[in-house]
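Structure file run20.csv; described as CSV, C-alpha atoms.
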```csv
chain,number,residue,atom,x,y,z
H,1,MET,CA,0.0,0.0,0.0
H,2,THR,CA,1.4,3.4,-1.0
H,3,ILE,CA,0.9,6.4,1.2
H,4,ALA,CA,-1.1,8.0,-1.7
H,5,GLU,CA,-3.7,5.1,-1.6
H,6,THR,CA,-4.5,5.9,2.0
H,7,LEU,CA,-5.5,9.4,1.3
H,8,PRO,CA,-9.3,9.8,1.7
H,9,ALA,CA,-9.7,12.9,-0.4
H,10,ALA,CA,-7.8,15.2,-2.8
H,11,GLY,CA,-6.4,18.5,-1.5
H,12,HIS,CA,-4.2,17.1,1.2
H,13,ALA,CA,-0.9,17.1,-0.6
H,14,ALA,CA,1.3,20.0,0.3
H,15,SER,CA,1.7,22.6,-2.4
H,16,THR,CA,5.4,23.4,-2.7
H,17,SER,CA,7.4,25.6,-5.1
H,18,VAL,CA,9.9,22.8,-5.6
H,19,PRO,CA,9.5,19.1,-5.0
H,20,ILE,CA,10.1,17.7,-1.5
H,21,LEU,CA,10.0,14.1,-0.2
H,22,ASP,CA,6.7,12.3,-0.8
H,23,VAL,CA,6.6,11.4,2.9
H,24,LEU,CA,6.6,15.1,3.8
H,25,THR,CA,4.3,16.2,1.0
H,26,GLU,CA,1.7,13.6,1.8
H,27,ARG,CA,1.8,13.8,5.6
H,28,TRP,CA,-1.2,15.3,7.2
H,29,SER,CA,-3.1,15.0,10.4
H,30,PRO,CA,-6.5,13.3,10.0
H,31,ARG,CA,-9.1,12.8,12.7
H,32,SER,CA,-10.9,9.9,11.1
H,33,PHE,CA,-9.1,6.6,11.8
H,34,GLU,CA,-10.1,3.0,11.2
H,35,PRO,CA,-11.6,1.7,14.5
H,36,ASP,CA,-10.3,-1.8,14.1
H,37,SER,CA,-6.9,-1.2,12.7
H,38,GLU,CA,-3.9,-2.3,14.8
H,39,ILE,CA,-0.3,-1.3,14.4
H,40,ALA,CA,2.2,-4.1,14.0
H,41,GLU,CA,4.7,-4.3,16.9
H,42,THR,CA,7.7,-3.8,14.5
H,43,THR,CA,6.0,-0.7,12.9
H,44,LEU,CA,5.4,0.9,16.3
H,45,THR,CA,8.9,0.1,17.4
H,46,ALA,CA,10.3,1.7,14.2
H,47,ALA,CA,8.4,4.9,15.0
H,48,LEU,CA,9.9,5.0,18.5
H,49,GLU,CA,13.4,4.2,17.2
H,50,ALA,CA,13.1,7.1,14.9
H,51,ALA,CA,12.2,9.4,17.9
H,52,ARG,CA,15.0,7.8,19.9
H,53,TRP,CA,17.7,8.7,17.2
H,54,SER,CA,16.6,12.3,16.6
H,55,PRO,CA,19.1,15.0,17.5
H,56,SER,CA,19.0,17.0,20.8
H,57,ALA,CA,21.1,19.7,22.5
H,58,GLY,CA,24.3,18.1,23.7
H,59,ASN,CA,22.6,14.7,23.0
H,60,THR,CA,20.7,15.2,26.3
H,61,GLN,CA,17.6,13.3,24.8
H,62,PRO,CA,15.2,15.3,27.1
H,63,TRP,CA,12.2,13.1,26.5
H,64,LYS,CA,10.0,10.3,27.7
H,65,PHE,CA,7.1,8.6,26.0
H,66,ILE,CA,4.0,6.9,27.3
H,67,VAL,CA,2.7,4.5,24.6
H,68,ALA,CA,-0.7,2.8,24.8
H,69,ARG,CA,-2.7,0.7,22.4
H,70,ARG,CA,-6.4,1.1,22.0
H,71,GLY,CA,-8.2,-1.2,24.4
H,72,THR,CA,-5.7,-0.9,27.3
H,73,ALA,CA,-6.3,0.9,30.6
H,74,THR,CA,-3.4,3.3,29.7
H,75,PHE,CA,-5.1,4.3,26.5
H,76,ASP,CA,-8.3,5.2,28.4
H,77,LEU,CA,-6.3,7.1,31.0
H,78,ILE,CA,-4.7,9.2,28.3
H,79,THR,CA,-8.1,9.8,26.5
H,80,ALA,CA,-9.6,11.0,29.8
H,81,ASN,CA,-6.9,13.7,29.8
H,82,LEU,CA,-7.7,15.1,26.3
H,83,MET,CA,-9.8,18.2,25.8
H,84,GLY,CA,-13.3,17.3,24.8
H,85,PHE,CA,-13.0,18.1,21.1
H,86,ASN,CA,-10.1,15.6,20.9
H,87,GLN,CA,-12.0,12.9,23.0
H,88,ALA,CA,-14.6,12.9,20.2
H,89,TRP,CA,-12.3,11.3,17.6
H,90,THR,CA,-9.3,9.7,19.4
H,91,PRO,CA,-11.1,6.4,20.4
H,92,ASN,CA,-10.5,5.1,16.9
H,93,ALA,CA,-6.8,5.7,16.9
H,94,SER,CA,-4.7,2.6,17.2
H,95,VAL,CA,-2.1,4.1,19.5
H,96,LEU,CA,-1.8,7.2,21.7
H,97,ILE,CA,1.6,8.5,22.8
H,98,VAL,CA,2.1,11.1,25.5
H,99,ALA,CA,5.2,13.1,24.6
H,100,ILE,CA,6.9,14.4,27.7
H,101,ALA,CA,9.8,16.9,27.9
H,102,GLU,CA,12.4,16.9,30.6
H,103,VAL,CA,12.3,20.6,31.2
H,104,ILE,CA,14.5,20.6,34.3
H,105,ASP,CA,17.7,18.5,34.5
H,106,GLU,CA,18.8,16.4,37.5
H,107,ASP,CA,20.5,19.3,39.1
H,108,GLY,CA,17.5,21.5,38.9
H,109,LYS,CA,18.6,23.6,35.9
H,110,PRO,CA,16.1,24.4,33.2
H,111,ARG,CA,16.7,22.7,29.9
H,112,ARG,CA,16.2,25.5,27.3
H,113,TRP,CA,15.8,23.1,24.3
H,114,ALA,CA,13.6,20.5,25.9
H,115,HIS,CA,10.4,21.4,24.0
H,116,TYR,CA,12.3,22.0,20.8
H,117,ASP,CA,14.1,18.7,21.0
H,118,LEU,CA,10.9,16.9,21.9
H,119,GLY,CA,9.2,18.4,18.8
H,120,GLN,CA,12.0,17.1,16.7
H,121,ALA,CA,11.7,13.6,18.2
H,122,MET,CA,8.0,13.5,17.4
H,123,ALA,CA,8.7,14.8,13.9
H,124,HIS,CA,11.1,11.9,13.3
H,125,LEU,CA,8.5,9.5,14.8
H,126,SER,CA,5.9,11.0,12.5
H,127,VAL,CA,8.0,10.8,9.4
H,128,GLN,CA,8.7,7.1,10.1
H,129,ALA,CA,5.1,6.3,10.8
H,130,HIS,CA,3.9,8.0,7.6
H,131,ALA,CA,6.5,6.2,5.6
H,132,ASP,CA,5.1,3.0,7.0
H,133,GLY,CA,1.6,3.9,5.8
H,134,LEU,CA,0.2,5.2,9.1
H,135,HIS,CA,-1.1,8.6,9.8
H,136,VAL,CA,-0.3,10.8,12.8
H,137,HIS,CA,-2.2,13.5,14.5
H,138,GLN,CA,-0.4,15.5,17.3
H,139,MET,CA,-2.6,17.3,19.8
H,140,GLY,CA,-1.8,20.2,22.1
H,141,GLY,CA,-5.3,20.1,23.6
H,142,ILE,CA,-4.5,18.1,26.6
H,143,GLU,CA,-4.9,18.3,30.4
H,144,VAL,CA,-1.3,18.8,31.5
H,145,GLU,CA,-2.0,18.7,35.2
H,146,GLY,CA,-4.3,15.7,34.8
H,147,LEU,CA,-1.6,13.8,32.9
H,148,ARG,CA,1.0,14.7,35.5
H,149,LYS,CA,-1.2,13.4,38.3
H,150,THR,CA,-2.3,10.3,36.4
H,151,PHE,CA,1.2,9.2,35.5
H,152,GLY,CA,3.1,10.5,38.5
H,153,LEU,CA,5.2,13.1,36.7
H,154,ASP,CA,7.0,15.7,38.9
H,155,GLU,CA,7.7,19.2,37.8
H,156,ARG,CA,10.8,18.1,35.9
H,157,TRP,CA,8.6,16.5,33.3
H,158,ASP,CA,6.2,18.4,31.1
H,159,PRO,CA,3.6,16.6,29.0
H,160,VAL,CA,3.5,18.7,25.8
H,161,THR,CA,1.4,16.7,23.4
H,162,VAL,CA,-0.6,13.5,22.9
H,163,THR,CA,-0.2,11.9,19.5
H,164,ALA,CA,-2.6,9.6,17.8
H,165,LEU,CA,-1.4,7.0,15.3
H,166,GLY,CA,-3.6,4.9,13.2
H,167,THR,CA,-4.9,4.0,9.7
H,168,VAL,CA,-6.7,6.9,8.1
H,169,ALA,CA,-10.4,6.3,7.3
H,170,PRO,CA,-12.8,8.1,5.0
H,171,ALA,CA,-14.0,11.5,6.3
H,172,ASP,CA,-17.7,10.4,6.3
H,173,GLN,CA,-16.9,8.3,9.4
H,174,LEU,CA,-16.7,11.5,11.5
H,175,PRO,CA,-19.7,12.2,13.6
H,176,ASP,CA,-20.7,15.7,12.5
H,177,GLU,CA,-20.7,17.8,9.4
H,178,ALA,CA,-18.3,20.5,10.6
H,179,ALA,CA,-15.7,17.8,11.4
H,180,ARG,CA,-16.2,16.2,8.0
H,181,ALA,CA,-15.8,19.5,6.2
H,182,ARG,CA,-12.6,20.2,8.2
H,183,GLU,CA,-11.2,16.8,7.4
H,184,VAL,CA,-11.3,17.3,3.6
H,185,ALA,CA,-10.4,21.0,3.5
H,186,PRO,CA,-7.2,21.7,1.6
H,187,ARG,CA,-4.1,22.2,3.8
H,188,THR,CA,-2.7,25.7,3.9
H,189,ARG,CA,0.5,27.4,5.0
H,190,LYS,CA,1.9,30.9,5.1
H,191,ALA,CA,3.9,31.9,2.0
H,192,LEU,CA,7.6,31.0,2.1
H,193,THR,CA,8.4,34.8,1.8
H,194,ASP,CA,6.4,35.4,5.0
H,195,ILE,CA,8.5,33.0,7.1
H,196,VAL,CA,12.0,33.5,5.6
H,197,ALA,CA,13.1,36.8,6.9
H,198,ILE,CA,16.4,37.2,5.0
H,199,ASN,CA,17.7,35.0,2.2
H,200,ASP,CA,20.9,35.9,0.6
V,1,MET,CA,25.8,10.4,-4.8
V,2,THR,CA,24.0,8.4,-2.1
V,3,ILE,CA,23.9,9.5,1.5
V,4,ALA,CA,26.1,6.6,2.5
V,5,GLU,CA,28.9,7.7,0.2
V,6,THR,CA,29.1,11.0,2.0
V,7,LEU,CA,29.9,9.4,5.3
V,8,PRO,CA,33.5,10.1,6.3
V,9,ALA,CA,33.8,7.2,8.7
V,10,ALA,CA,32.0,4.1,10.0
V,11,GLY,CA,30.2,4.2,13.3
V,12,HIS,CA,27.7,7.0,12.4
V,13,ALA,CA,24.7,4.9,11.4
V,14,ALA,CA,22.1,4.7,14.1
V,15,SER,CA,21.8,1.3,15.8
V,16,THR,CA,18.2,0.4,15.9
V,17,SER,CA,16.3,-2.7,17.0
V,18,VAL,CA,14.2,-2.7,13.9
V,19,PRO,CA,15.0,-1.0,10.5
V,20,ILE,CA,14.0,2.6,10.1
V,21,LEU,CA,14.3,4.9,7.1
V,22,ASP,CA,17.8,5.3,5.7
V,23,VAL,CA,17.5,9.1,5.9
V,24,LEU,CA,16.9,8.8,9.6
V,25,THR,CA,19.5,6.1,10.3
V,26,GLU,CA,22.3,7.9,8.3
V,27,ARG,CA,21.5,11.4,9.6
V,28,TRP,CA,24.1,12.8,11.9
V,29,SER,CA,25.5,16.2,12.8
V,30,PRO,CA,29.1,16.7,11.6
V,31,ARG,CA,31.3,19.7,12.3
V,32,SER,CA,33.6,19.2,9.3
V,33,PHE,CA,32.2,20.7,6.1
V,34,GLU,CA,33.6,21.3,2.6
V,35,PRO,CA,34.7,24.9,2.6
V,36,ASP,CA,33.9,25.5,-1.1
V,37,SER,CA,30.6,23.6,-1.4
V,38,GLU,CA,27.5,25.6,-2.3
V,39,ILE,CA,23.9,24.5,-2.0
V,40,ALA,CA,21.8,24.7,-5.1
V,41,GLU,CA,18.9,27.2,-4.8
V,42,THR,CA,16.4,24.4,-5.5
V,43,THR,CA,17.8,22.3,-2.7
V,44,LEU,CA,17.8,25.1,-0.2
V,45,THR,CA,14.2,26.0,-1.1
V,46,ALA,CA,13.2,22.3,-0.8
V,47,ALA,CA,14.6,22.3,2.8
V,48,LEU,CA,12.7,25.5,3.6
V,49,GLU,CA,9.5,24.1,2.0
V,50,ALA,CA,9.8,21.0,4.2
V,51,ALA,CA,10.0,23.3,7.3
V,52,ARG,CA,7.1,25.3,6.0
V,53,TRP,CA,4.8,22.3,5.6
V,54,SER,CA,5.5,20.8,9.0
V,55,PRO,CA,2.6,20.6,11.5
V,56,SER,CA,2.0,23.1,14.3
V,57,ALA,CA,-0.5,23.7,17.0
V,58,GLY,CA,-3.7,24.9,15.4
V,59,ASN,CA,-1.6,25.5,12.2
V,60,THR,CA,-0.2,28.6,13.9
V,61,GLN,CA,3.2,28.2,12.2
V,62,PRO,CA,5.0,30.0,15.0
V,63,TRP,CA,8.3,30.3,13.2
V,64,LYS,CA,10.6,32.5,11.2
V,65,PHE,CA,13.9,31.7,9.6
V,66,ILE,CA,16.9,33.9,8.8
V,67,VAL,CA,18.8,32.2,6.0
V,68,ALA,CA,22.3,33.2,4.9
V,69,ARG,CA,24.9,31.7,2.5
V,70,ARG,CA,28.6,31.7,3.3
V,71,GLY,CA,30.3,34.8,2.0
V,72,THR,CA,27.4,37.2,2.8
V,73,ALA,CA,27.2,39.8,5.5
V,74,THR,CA,24.3,38.0,7.1
V,75,PHE,CA,26.3,34.8,7.4
V,76,ASP,CA,29.0,36.7,9.2
V,77,LEU,CA,26.5,38.4,11.5
V,78,ILE,CA,25.1,35.1,12.5
V,79,THR,CA,28.6,33.6,13.0
V,80,ALA,CA,29.5,36.5,15.3
V,81,ASN,CA,26.6,35.4,17.5
V,82,LEU,CA,27.7,31.8,18.0
V,83,MET,CA,29.5,30.6,21.1
V,84,GLY,CA,33.2,30.3,20.5
V,85,PHE,CA,33.3,26.5,20.1
V,86,ASN,CA,30.8,26.8,17.3
V,87,GLN,CA,32.6,29.7,15.6
V,88,ALA,CA,35.6,27.4,15.2
V,89,TRP,CA,33.9,25.1,12.6
V,90,THR,CA,30.9,27.0,11.1
V,91,PRO,CA,32.8,29.1,8.6
V,92,ASN,CA,32.9,26.1,6.3
V,93,ALA,CA,29.2,25.6,6.3
V,94,SER,CA,27.4,26.5,3.1
V,95,VAL,CA,24.4,28.0,4.8
V,96,LEU,CA,23.4,29.1,8.3
V,97,ILE,CA,19.8,29.3,9.4
V,98,VAL,CA,18.6,31.1,12.5
V,99,ALA,CA,15.5,29.3,13.7
V,100,ILE,CA,13.2,31.7,15.6
V,101,ALA,CA,10.1,30.8,17.6
V,102,GLU,CA,7.1,33.1,17.9
V,103,VAL,CA,6.7,32.6,21.6
V,104,ILE,CA,4.1,35.3,22.2
V,105,ASP,CA,1.2,35.8,19.8
V,106,GLU,CA,-0.1,39.1,18.4
V,107,ASP,CA,-2.4,39.6,21.4
V,108,GLY,CA,0.4,39.1,23.9
V,109,LYS,CA,-0.5,35.6,24.8
V,110,PRO,CA,2.3,33.0,25.2
V,111,ARG,CA,2.4,30.3,22.6
V,112,ARG,CA,2.9,27.1,24.6
V,113,TRP,CA,4.0,25.0,21.6
V,114,ALA,CA,6.2,27.5,19.8
V,115,HIS,CA,9.5,25.8,20.7
V,116,TYR,CA,8.1,22.3,20.1
V,117,ASP,CA,6.7,23.3,16.7
V,118,LEU,CA,9.9,25.1,15.7
V,119,GLY,CA,11.8,21.9,16.6
V,120,GLN,CA,9.5,19.9,14.3
V,121,ALA,CA,10.0,22.4,11.5
V,122,MET,CA,13.7,22.1,11.7
V,123,ALA,CA,13.5,18.3,11.9
V,124,HIS,CA,11.5,18.3,8.6
V,125,LEU,CA,14.1,20.7,7.1
V,126,SER,CA,16.8,18.4,8.3
V,127,VAL,CA,15.2,15.3,6.8
V,128,GLN,CA,14.8,16.9,3.5
V,129,ALA,CA,18.3,18.3,3.4
V,130,HIS,CA,19.8,14.9,4.3
V,131,ALA,CA,17.7,13.2,1.7
V,132,ASP,CA,19.3,15.7,-0.8
V,133,GLY,CA,22.8,14.7,0.2
V,134,LEU,CA,23.5,17.5,2.6
V,135,HIS,CA,24.4,17.3,6.3
V,136,VAL,CA,22.8,19.4,9.0
V,137,HIS,CA,24.2,20.5,12.4
V,138,GLN,CA,21.8,22.3,14.8
V,139,MET,CA,23.4,24.4,17.5
V,140,GLY,CA,22.0,25.6,20.8
V,141,GLY,CA,25.2,27.4,21.6
V,142,ILE,CA,24.2,30.9,20.4
V,143,GLU,CA,24.0,34.4,21.8
V,144,VAL,CA,20.3,34.9,22.0
V,145,GLU,CA,20.4,38.6,23.0
V,146,GLY,CA,23.0,39.3,20.4
V,147,LEU,CA,20.9,37.7,17.7
V,148,ARG,CA,17.8,39.7,18.9
V,149,LYS,CA,19.7,42.9,18.7
V,150,THR,CA,21.4,42.2,15.4
V,151,PHE,CA,18.2,41.2,13.6
V,152,GLY,CA,15.8,43.5,15.4
V,153,LEU,CA,13.7,40.8,17.1
V,154,ASP,CA,11.4,41.9,19.8
V,155,GLU,CA,10.4,39.8,22.8
V,156,ARG,CA,7.7,38.0,20.8
V,157,TRP,CA,10.5,36.3,18.8
V,158,ASP,CA,13.0,33.9,20.4
V,159,PRO,CA,16.1,32.7,18.5
V,160,VAL,CA,16.3,29.0,19.6
V,161,THR,CA,19.0,27.5,17.4
V,162,VAL,CA,21.4,28.2,14.5
V,163,THR,CA,21.6,25.4,12.0
V,164,ALA,CA,24.6,24.8,9.7
V,165,LEU,CA,24.0,23.0,6.3
V,166,GLY,CA,26.7,21.9,4.0
V,167,THR,CA,28.6,19.0,2.4
V,168,VAL,CA,30.3,16.8,5.0
V,169,ALA,CA,34.1,16.6,4.8
V,170,PRO,CA,36.6,14.2,6.2
V,171,ALA,CA,37.2,14.6,9.9
V,172,ASP,CA,40.9,15.3,9.4
V,173,GLN,CA,40.0,18.8,8.2
V,174,LEU,CA,39.1,19.7,11.7
V,175,PRO,CA,41.7,21.9,13.5
V,176,ASP,CA,42.4,19.9,16.6
V,177,GLU,CA,42.7,16.3,17.8
V,178,ALA,CA,39.8,16.4,20.2
V,179,ALA,CA,37.5,17.7,17.5
V,180,ARG,CA,38.6,15.0,15.1
V,181,ALA,CA,38.1,12.2,17.7
V,182,ARG,CA,34.6,13.6,18.5
V,183,GLU,CA,33.8,13.7,14.8
V,184,VAL,CA,34.4,10.0,14.3
V,185,ALA,CA,33.1,8.7,17.6
V,186,PRO,CA,30.1,6.3,17.3
V,187,ARG,CA,26.7,7.9,17.9
V,188,THR,CA,24.9,6.8,21.1
V,189,ARG,CA,21.5,7.0,22.5
V,190,LYS,CA,19.7,5.9,25.7
V,191,ALA,CA,18.0,2.5,25.5
V,192,LEU,CA,14.5,2.5,24.1
V,193,THR,CA,13.4,1.0,27.5
V,194,ASP,CA,14.8,4.1,29.2
V,195,ILE,CA,12.7,6.6,27.2
V,196,VAL,CA,9.5,4.6,26.9
V,197,ALA,CA,8.0,4.9,30.3
V,198,ILE,CA,4.9,2.7,29.7
V,199,ASN,CA,4.3,0.6,26.6
V,200,ASP,CA,1.1,-1.5,26.6
```
Please go through the file and, once you have read it, give me the structure as structure tokens.
Amino acid sequence: MTIAETLPAAGHAASTSVPILDVLTERWSPRSFEPDSEIAETTLTAALEAARWSPSAGNTQPWKFIVARRGTATFDLITANLMGFNQAWTPNASVLIVAIAEVIDEDGKPRRWAHYDLGQAMAHLSVQAHADGLHVHQMGGIEVEGLRKTFGLDERWDPVTVTALGTVAPADQLPDEAARAREVAPRTRKALTDIVAIND
Amino acid sequence: MTIAETLPAAGHAASTSVPILDVLTERWSPRSFEPDSEIAETTLTAALEAARWSPSAGNTQPWKFIVARRGTATFDLITANLMGFNQAWTPNASVLIVAIAEVIDEDGKPRRWAHYDLGQAMAHLSVQAHADGLHVHQMGGIEVEGLRKTFGLDERWDPVTVTALGTVAPADQLPDEAARAREVAPRTRKALTDIVAIND
């Protein structure tokens, strides 16, 4: 199965001024996932290995991941700590991952690049997962204090996102019209000239 | 030229428990770059397009990039704002990019995911650049206030890293023995079991 075959609708491919890797062009963040789809252990491990080998400031690797498959108690604990609008669609995801930044080191010193490095790790995970035919949707809409309490995380550890992984499903599986319209809307970005300040 | 052919020494490939994408396995952050190598405009644009199309919280795209080629005034201004240990090797890079997070939005509200999203954007840039045969080295050792002042960035904008892009060169081009030894040392990471807190 190619990545293209998993796309439920046109309009999701990134529109770029020069070609970039298919896995980056075709990556997007759906909300409609196949409710019965499971991720093979090897595929899930590959995604985590990709995160593991991403770069970080001084190779500090300031991250930790809580990984749960649909149907487990951990999956339900994570879901209970999502904002309501995310709880509506995440039950069909195959796996949820809490991405946690080590924002303070063992000596009590803040790690300035913890969030930045964690973002990189999740990007590497996402690239690997998409290359393996999965789709990935990262969520910022989470209950940070709830996740801390649920998983016993002290102030050194900051849950930053929860990421859903699964097999993308047609948009018409989504419960309401607004969600379906949002799912098939073309992806947009600022112009390159708006984000590149100087280029010489 | 394949990515493998650009590797100056063995020991840089990631050691993973299951296979992952070559571009992720073979990515690493050298300090020795070819001093005369230039990056084609299309290749540089592709890297920036990859960053542009990376995901962000609510598609806020909280980032800005200052991009400078070796030999330009901007390149020298960026170099002047690197910590000394980075100034030693960056002059051979083909391009330097200041990655800047929009940490406060237009209404004065903090953007919680600005660093995280910027890290993702630079990861996507890095994956694209490595796929195109370049190597990428991100640096946290930068003079944040100096960069702010130099490029007129107010408190809404936080320079988080400077990234060097170029063509990797043999380690023996580095000026001192410690740097050469560091360049060819095997890459290491924590065990997967140390970063995955729960997996069920």
Could you name the residues that touch Arg27 (chain H) at 10 Å or less, counting only C-alpha atoms, but leaving out those on the same chain fewer than 6 positions away, as a ChimeraX atom specification?
/H:3-4,7,12-14,126-127,129-131,133-137 /V:53-55
Limited to C-alpha atoms, could you put the picked residues into a file as a PDB file, in the coordinates of the input?
```pdb
ATOM      1  CA  ILE H   3       0.900   6.400   1.200  1.00  0.00           C
ATOM      2  CA  ALA H   4      -1.100   8.000  -1.700  1.00  0.00           C
ATOM      3  CA  LEU H   7      -5.500   9.400   1.300  1.00  0.00           C
ATOM      4  CA  HIS H  12      -4.200  17.100   1.200  1.00  0.00           C
ATOM      5  CA  ALA H  13      -0.900  17.100  -0.600  1.00  0.00           C
ATOM      6  CA  ALA H  14       1.300  20.000   0.300  1.00  0.00           C
ATOM      7  CA  SER H 126       5.900  11.000  12.500  1.00  0.00           C
ATOM      8  CA  VAL H 127       8.000  10.800   9.400  1.00  0.00           C
ATOM      9  CA  ALA H 129       5.100   6.300  10.800  1.00  0.00           C
ATOM     10  CA  HIS H 130       3.900   8.000   7.600  1.00  0.00           C
ATOM     11  CA  ALA H 131       6.500   6.200   5.600  1.00  0.00           C
ATOM     12  CA  GLY H 133       1.600   3.900   5.800  1.00  0.00           C
ATOM     13  CA  LEU H 134       0.200   5.200   9.100  1.00  0.00           C
ATOM     14  CA  HIS H 135      -1.100   8.600   9.800  1.00  0.00           C
ATOM     15  CA  VAL H 136      -0.300  10.800  12.800  1.00  0.00           C
ATOM     16  CA  HIS H 137      -2.200  13.500  14.500  1.00  0.00           C
TER      17      HIS H 137
ATOM     18  CA  TRP V  53       4.800  22.300   5.600  1.00  0.00           C
ATOM     19  CA  SER V  54       5.500  20.800   9.000  1.00  0.00           C
ATOM     20  CA  PRO V  55       2.600  20.600  11.500  1.00  0.00           C
TER      21      PRO V  55
END
```
Quick check: residues of chain H within 7 Å of chain V, all atoms listed in the file, returned as a PyMOL selection string.
chain H and resi 14+16+18-21+24+42+45-46+49-50+52-53+57+63-69+72+115-120+123-124+128+140+189+192+195-200
Restricted to C-alpha atoms, what would the selected residues look like written as a PDB file, in the coordinates of the input?
```pdb
ATOM      1  CA  ALA H  14       1.300  20.000   0.300  1.00  0.00           C
ATOM      2  CA  THR H  16       5.400  23.400  -2.700  1.00  0.00           C
ATOM      3  CA  VAL H  18       9.900  22.800  -5.600  1.00  0.00           C
ATOM      4  CA  PRO H  19       9.500  19.100  -5.000  1.00  0.00           C
ATOM      5  CA  ILE H  20      10.100  17.700  -1.500  1.00  0.00           C
ATOM      6  CA  LEU H  21      10.000  14.100  -0.200  1.00  0.00           C
ATOM      7  CA  LEU H  24       6.600  15.100   3.800  1.00  0.00           C
ATOM      8  CA  THR H  42       7.700  -3.800  14.500  1.00  0.00           C
ATOM      9  CA  THR H  45       8.900   0.100  17.400  1.00  0.00           C
ATOM     10  CA  ALA H  46      10.300   1.700  14.200  1.00  0.00           C
ATOM     11  CA  GLU H  49      13.400   4.200  17.200  1.00  0.00           C
ATOM     12  CA  ALA H  50      13.100   7.100  14.900  1.00  0.00           C
ATOM     13  CA  ARG H  52      15.000   7.800  19.900  1.00  0.00           C
ATOM     14  CA  TRP H  53      17.700   8.700  17.200  1.00  0.00           C
ATOM     15  CA  ALA H  57      21.100  19.700  22.500  1.00  0.00           C
ATOM     16  CA  TRP H  63      12.200  13.100  26.500  1.00  0.00           C
ATOM     17  CA  LYS H  64      10.000  10.300  27.700  1.00  0.00           C
ATOM     18  CA  PHE H  65       7.100   8.600  26.000  1.00  0.00           C
ATOM     19  CA  ILE H  66       4.000   6.900  27.300  1.00  0.00           C
ATOM     20  CA  VAL H  67       2.700   4.500  24.600  1.00  0.00           C
ATOM     21  CA  ALA H  68      -0.700   2.800  24.800  1.00  0.00           C
ATOM     22  CA  ARG H  69      -2.700   0.700  22.400  1.00  0.00           C
ATOM     23  CA  THR H  72      -5.700  -0.900  27.300  1.00  0.00           C
ATOM     24  CA  HIS H 115      10.400  21.400  24.000  1.00  0.00           C
ATOM     25  CA  TYR H 116      12.300  22.000  20.800  1.00  0.00           C
ATOM     26  CA  ASP H 117      14.100  18.700  21.000  1.00  0.00           C
ATOM     27  CA  LEU H 118      10.900  16.900  21.900  1.00  0.00           C
ATOM     28  CA  GLY H 119       9.200  18.400  18.800  1.00  0.00           C
ATOM     29  CA  GLN H 120      12.000  17.100  16.700  1.00  0.00           C
ATOM     30  CA  ALA H 123       8.700  14.800  13.900  1.00  0.00           C
ATOM     31  CA  HIS H 124      11.100  11.900  13.300  1.00  0.00           C
ATOM     32  CA  GLN H 128       8.700   7.100  10.100  1.00  0.00           C
ATOM     33  CA  GLY H 140      -1.800  20.200  22.100  1.00  0.00           C
ATOM     34  CA  ARG H 189       0.500  27.400   5.000  1.00  0.00           C
ATOM     35  CA  LEU H 192       7.600  31.000   2.100  1.00  0.00           C
ATOM     36  CA  ILE H 195       8.500  33.000   7.100  1.00  0.00           C
ATOM     37  CA  VAL H 196      12.000  33.500   5.600  1.00  0.00           C
ATOM     38  CA  ALA H 197      13.100  36.800   6.900  1.00  0.00           C
ATOM     39  CA  ILE H 198      16.400  37.200   5.000  1.00  0.00           C
ATOM     40  CA  ASN H 199      17.700  35.000   2.200  1.00  0.00           C
ATOM     41  CA  ASP H 200      20.900  35.900   0.600  1.00  0.00           C
TER      42      ASP H 200
END
```
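Using all atoms listed in the file, the nearest neighbour of Glu41 (chain V) within the list V:Asp158, V:Ala179, V:Lys149, V:Ser94 is V:Ser94.
Atom to atom, CA of Ala93 (chain H) and CA of Pro35 (chain H) stand 6.7 Å apart.
A straight line drawn from CA of Ile142 (chain V) to CA of Asp76 (chain V) is 13.5 Å long.
Reported to one decimal place, the separation of CA of Asp107 (chain V) from CA of Arg156 (chain V) is 10.2 Å.
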Got a sec to check which residues sit within 6 Å of (25.0, 21.8, 1.3), counting all atoms listed in the file, and write them as a PyMOL selection string?
chain V and resi 38-39+94+134+165-167
Could you give me, as a PyMOL selection string, the residues within 12 Å of Gln173 (chain V), counting all atoms listed in the file and dropping anything in the same chain fewer than 4 positions from it?
chain V and resi 8+30-35+88-89+92+168-169+177+179-181+183
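Of the listed residues (V:Glu143, V:Glu106, V:Glu26, V:Glu155), V:Glu143 comes nearest to Ala80 (chain V); the distances count all atoms listed in the file.
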